[in-house]
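Q: File follows, target.csv with CSV, C-alpha atoms:
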chain,number,residue,atom,x,y,z
A,285,MET,CA,-10.5,70.2,26.1
A,286,GLY,CA,-7.3,68.7,24.8
A,287,LYS,CA,-3.8,70.2,24.3
A,288,ILE,CA,-1.3,70.5,21.5
A,289,ILE,CA,2.0,69.0,22.4
A,290,LEU,CA,5.2,70.0,20.7
A,291,ARG,CA,7.7,67.3,19.8
A,292,LEU,CA,10.4,69.4,18.3
A,293,ASP,CA,13.0,68.2,20.8
A,294,ARG,CA,12.4,64.6,19.7
A,295,VAL,CA,12.7,65.3,16.0
A,296,MET,CA,15.9,67.3,16.6
A,297,ALA,CA,17.4,64.5,18.6
A,298,ASP,CA,16.4,62.0,15.8
A,299,ARG,CA,18.2,64.2,13.3
A,300,LYS,CA,21.1,64.9,15.6
A,301,MET,CA,20.6,68.7,15.2
A,302,SER,CA,21.4,71.2,17.8
A,303,LEU,CA,19.3,74.3,18.6
A,304,ASN,CA,22.1,76.5,17.2
A,305,GLU,CA,22.2,74.6,13.9
A,306,LEU,CA,18.4,74.7,13.5
A,307,SER,CA,18.4,78.4,14.4
A,308,GLU,CA,21.0,79.1,11.6
A,309,HIS,CA,19.1,77.1,9.0
A,310,VAL,CA,15.6,78.4,9.9
A,311,GLY,CA,16.5,82.0,10.6
A,312,VAL,CA,14.7,82.1,14.0
A,313,SER,CA,16.5,83.1,17.2
A,314,ASN,CA,17.7,80.5,19.7
A,315,VAL,CA,15.3,82.0,22.3
A,316,ASN,CA,12.3,81.6,20.1
A,317,LEU,CA,13.2,78.1,19.0
A,318,SER,CA,13.8,77.2,22.6
A,319,LYS,CA,10.3,78.3,23.4
A,320,ILE,CA,8.9,76.2,20.6
A,321,LYS,CA,11.0,73.2,21.7
A,322,THR,CA,9.8,73.5,25.3
A,323,GLY,CA,6.2,74.2,24.4
A,324,LYS,CA,6.1,77.7,25.9
A,325,ILE,CA,4.3,79.2,23.0
A,326,SER,CA,0.7,79.8,22.1
A,327,ALA,CA,1.1,80.2,18.3
A,328,ILE,CA,3.6,79.4,15.5
A,329,ARG,CA,3.8,81.1,12.1
A,330,PHE,CA,3.3,78.7,9.2
A,331,SER,CA,6.5,80.1,7.6
A,332,THR,CA,8.4,79.1,10.7
A,333,LEU,CA,6.8,75.7,10.8
A,334,GLU,CA,7.6,75.3,7.0
A,335,ALA,CA,11.2,76.2,7.5
A,336,ILE,CA,11.6,73.8,10.5
A,337,CYS,CA,10.0,71.0,8.5
A,338,GLU,CA,12.2,71.7,5.5
A,339,THR,CA,15.4,71.8,7.6
A,340,LEU,CA,14.5,68.7,9.6
A,341,HIS,CA,13.0,66.8,6.6
A,342,CYS,CA,9.8,66.1,8.5
A,343,GLN,CA,6.1,66.7,8.4
A,344,PRO,CA,4.2,69.1,10.7
A,345,GLY,CA,2.6,66.0,12.3
A,346,ASP,CA,6.1,64.9,13.4
A,347,ILE,CA,6.4,68.1,15.5
A,348,LEU,CA,2.8,68.7,16.6
A,349,GLU,CA,0.7,66.2,18.5
A,350,TYR,CA,-2.9,66.6,19.8
A,351,ASP,CA,-3.7,65.0,23.1
A,352,PRO,CA,-7.4,65.0,23.7
A,353,ASP,CA,-7.0,63.9,27.3
A,354,ALA,CA,-4.5,66.5,28.4
A,355,GLU,CA,-5.7,69.7,30.0
A,356,LYS,CA,-4.3,73.1,28.9
A,357,GLU,CA,-2.2,75.0,31.4
A,358,LYS,CA,-3.9,78.0,32.8
The structure given in the file should be rewritten as structure tokens.

A:
Amino acid sequence: MGKIILRLDRVMADRKMSLNELSEHVGVSNVNLSKIKTGKISAIRFSTLEAICETLHCQPGDILEYDPDAEKEK
């Protein structure tokens, strides 16, 4: 079974936006955004994803990637 890979760090770097800036715009704590950025989450609210995409002017597919060959961490 594959794995969802989060690419938030790449999109933030492309937009030259810090975690603190994104946190202020999205209204999510630095800690929670850091977990999203590092892929240490098992779920994300659509409202959070929408706010991130609006702030970074991107599509969900820019942040989320499916790798069918990667195995999930247990």

Q: Smallest atom-to-atom distance to Ser331 of chain A: which of A:Met296, A:Glu355, A:Pro344, A:Tyr350, using all atoms listed in the file?

A: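 With all atoms listed in the file as the atom set, the closest residue is A:Pro344.
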
Q: Provide the atom CA of Ile289 of chain A to atom CA of Val310 of chain A distance in Å, to one decimal place.

A: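 Interatomic distance here is 20.7 Å.
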
Q: What lies within 12 Å of Asp298 of chain A using all atoms listed in the file, ignoring chain neighbours under 2 positions off, as a list in words?

A: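 The residues satisfying every condition are Arg291, Leu292, Asp293, Arg294, Val295, Met296, Lys300, Met301, Ser302, Leu340, His341, Cys342, Asp346 and Ile347 of chain A.
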
Q: Please measure the separation of atom CA of Arg299 of chain A and atom CA of Ile325 of chain A, giving the value in Å to one decimal.

A: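 Interatomic distance here is 22.6 Å.
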
Q: In Å, rounded to a single decimal, give me how far atom CA of Pro352 of chain A is from atom CA of Ile288 of chain A.

A: 8.5 Å

Q: In terms of the shortest atom-to-atom distance over all atoms listed in the file, which of A:Ala327, A:Met285, A:Ala335, A:Leu348 is closest to Ser307 of chain A?

A: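 Ranking A:Ala327, A:Met285, A:Ala335, A:Leu348 by distance to Ser307 of chain A, first place goes to A:Ala335.
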
Q: Can you pull out every residue within 12 Å of segment 313-315 of chain A, counting all atoms listed in the file, but drop anything in the same chain fewer than 5 positions away, and send it as a tab-separated table (two decimals) with C-alpha atoms, keeping the file's coordinate frame?

A:
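Writing the result to out-v5.tsv gives the following:
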chain	number	residue	atom	x	y	z
A	302	SER	CA	21.40	71.20	17.80
A	303	LEU	CA	19.30	74.30	18.60
A	304	ASN	CA	22.10	76.50	17.20
A	305	GLU	CA	22.20	74.60	13.90
A	306	LEU	CA	18.40	74.70	13.50
A	307	SER	CA	18.40	78.40	14.40
A	308	GLU	CA	21.00	79.10	11.60
A	320	ILE	CA	8.90	76.20	20.60
A	321	LYS	CA	11.00	73.20	21.70
A	322	THR	CA	9.80	73.50	25.30
A	324	LYS	CA	6.10	77.70	25.90
A	325	ILE	CA	4.30	79.20	23.00
A	332	THR	CA	8.40	79.10	10.70

Q: Output as a PDB file, in the frame of the given file: segment 312-328 of chain A, completed with N, CA and C atoms.

A:
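part_34.pdb written:
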ATOM      1  N   VAL A 312      15.484  81.757  12.768  1.00  0.00           N
ATOM      2  CA  VAL A 312      14.700  82.100  14.000  1.00  0.00           C
ATOM      3  C   VAL A 312      15.707  82.095  15.133  1.00  0.00           C
ATOM      4  N   SER A 313      15.567  83.025  16.057  1.00  0.00           N
ATOM      5  CA  SER A 313      16.500  83.100  17.200  1.00  0.00           C
ATOM      6  C   SER A 313      16.468  81.860  18.047  1.00  0.00           C
ATOM      7  N   ASN A 314      17.589  81.600  18.715  1.00  0.00           N
ATOM      8  CA  ASN A 314      17.700  80.500  19.700  1.00  0.00           C
ATOM      9  C   ASN A 314      16.588  80.568  20.717  1.00  0.00           C
ATOM     10  N   VAL A 315      16.333  81.777  21.201  1.00  0.00           N
ATOM     11  CA  VAL A 315      15.300  82.000  22.300  1.00  0.00           C
ATOM     12  C   VAL A 315      13.961  81.539  21.774  1.00  0.00           C
ATOM     13  N   ASN A 316      13.571  81.970  20.582  1.00  0.00           N
ATOM     14  CA  ASN A 316      12.300  81.600  20.100  1.00  0.00           C
ATOM     15  C   ASN A 316      12.164  80.115  19.751  1.00  0.00           C
ATOM     16  N   LEU A 317      13.218  79.535  19.211  1.00  0.00           N
ATOM     17  CA  LEU A 317      13.200  78.100  19.000  1.00  0.00           C
ATOM     18  C   LEU A 317      13.158  77.306  20.265  1.00  0.00           C
ATOM     19  N   SER A 318      13.835  77.805  21.275  1.00  0.00           N
ATOM     20  CA  SER A 318      13.800  77.200  22.600  1.00  0.00           C
ATOM     21  C   SER A 318      12.394  77.150  23.150  1.00  0.00           C
ATOM     22  N   LYS A 319      11.672  78.252  22.961  1.00  0.00           N
ATOM     23  CA  LYS A 319      10.300  78.300  23.400  1.00  0.00           C
ATOM     24  C   LYS A 319       9.413  77.321  22.677  1.00  0.00           C
ATOM     25  N   ILE A 320       9.655  77.168  21.384  1.00  0.00           N
ATOM     26  CA  ILE A 320       8.900  76.200  20.600  1.00  0.00           C
ATOM     27  C   ILE A 320       9.262  74.780  21.113  1.00  0.00           C
ATOM     28  N   LYS A 321      10.542  74.547  21.311  1.00  0.00           N
ATOM     29  CA  LYS A 321      11.000  73.200  21.700  1.00  0.00           C
ATOM     30  C   LYS A 321      10.434  72.831  23.094  1.00  0.00           C
ATOM     31  N   THR A 322      10.282  73.787  23.997  1.00  0.00           N
ATOM     32  CA  THR A 322       9.800  73.500  25.300  1.00  0.00           C
ATOM     33  C   THR A 322       8.267  73.643  25.447  1.00  0.00           C
ATOM     34  N   GLY A 323       7.616  74.065  24.363  1.00  0.00           N
ATOM     35  CA  GLY A 323       6.200  74.200  24.400  1.00  0.00           C
ATOM     36  C   GLY A 323       5.672  75.443  25.074  1.00  0.00           C
ATOM     37  N   LYS A 324       6.519  76.437  25.239  1.00  0.00           N
ATOM     38  CA  LYS A 324       6.100  77.700  25.900  1.00  0.00           C
ATOM     39  C   LYS A 324       5.619  78.733  24.970  1.00  0.00           C
ATOM     40  N   ILE A 325       4.903  78.300  23.936  1.00  0.00           N
ATOM     41  CA  ILE A 325       4.300  79.200  23.000  1.00  0.00           C
ATOM     42  C   ILE A 325       2.830  78.987  22.853  1.00  0.00           C
ATOM     43  N   SER A 326       2.126  79.970  22.340  1.00  0.00           N
ATOM     44  CA  SER A 326       0.700  79.800  22.100  1.00  0.00           C
ATOM     45  C   SER A 326       0.362  79.807  20.628  1.00  0.00           C
ATOM     46  N   ALA A 327       1.350  80.124  19.786  1.00  0.00           N
ATOM     47  CA  ALA A 327       1.100  80.200  18.300  1.00  0.00           C
ATOM     48  C   ALA A 327       2.476  79.977  17.630  1.00  0.00           C
ATOM     49  N   ILE A 328       2.397  79.539  16.378  1.00  0.00           N
ATOM     50  CA  ILE A 328       3.600  79.400  15.500  1.00  0.00           C
ATOM     51  C   ILE A 328       3.208  79.846  14.127  1.00  0.00           C
TER      52      ILE A 328
END
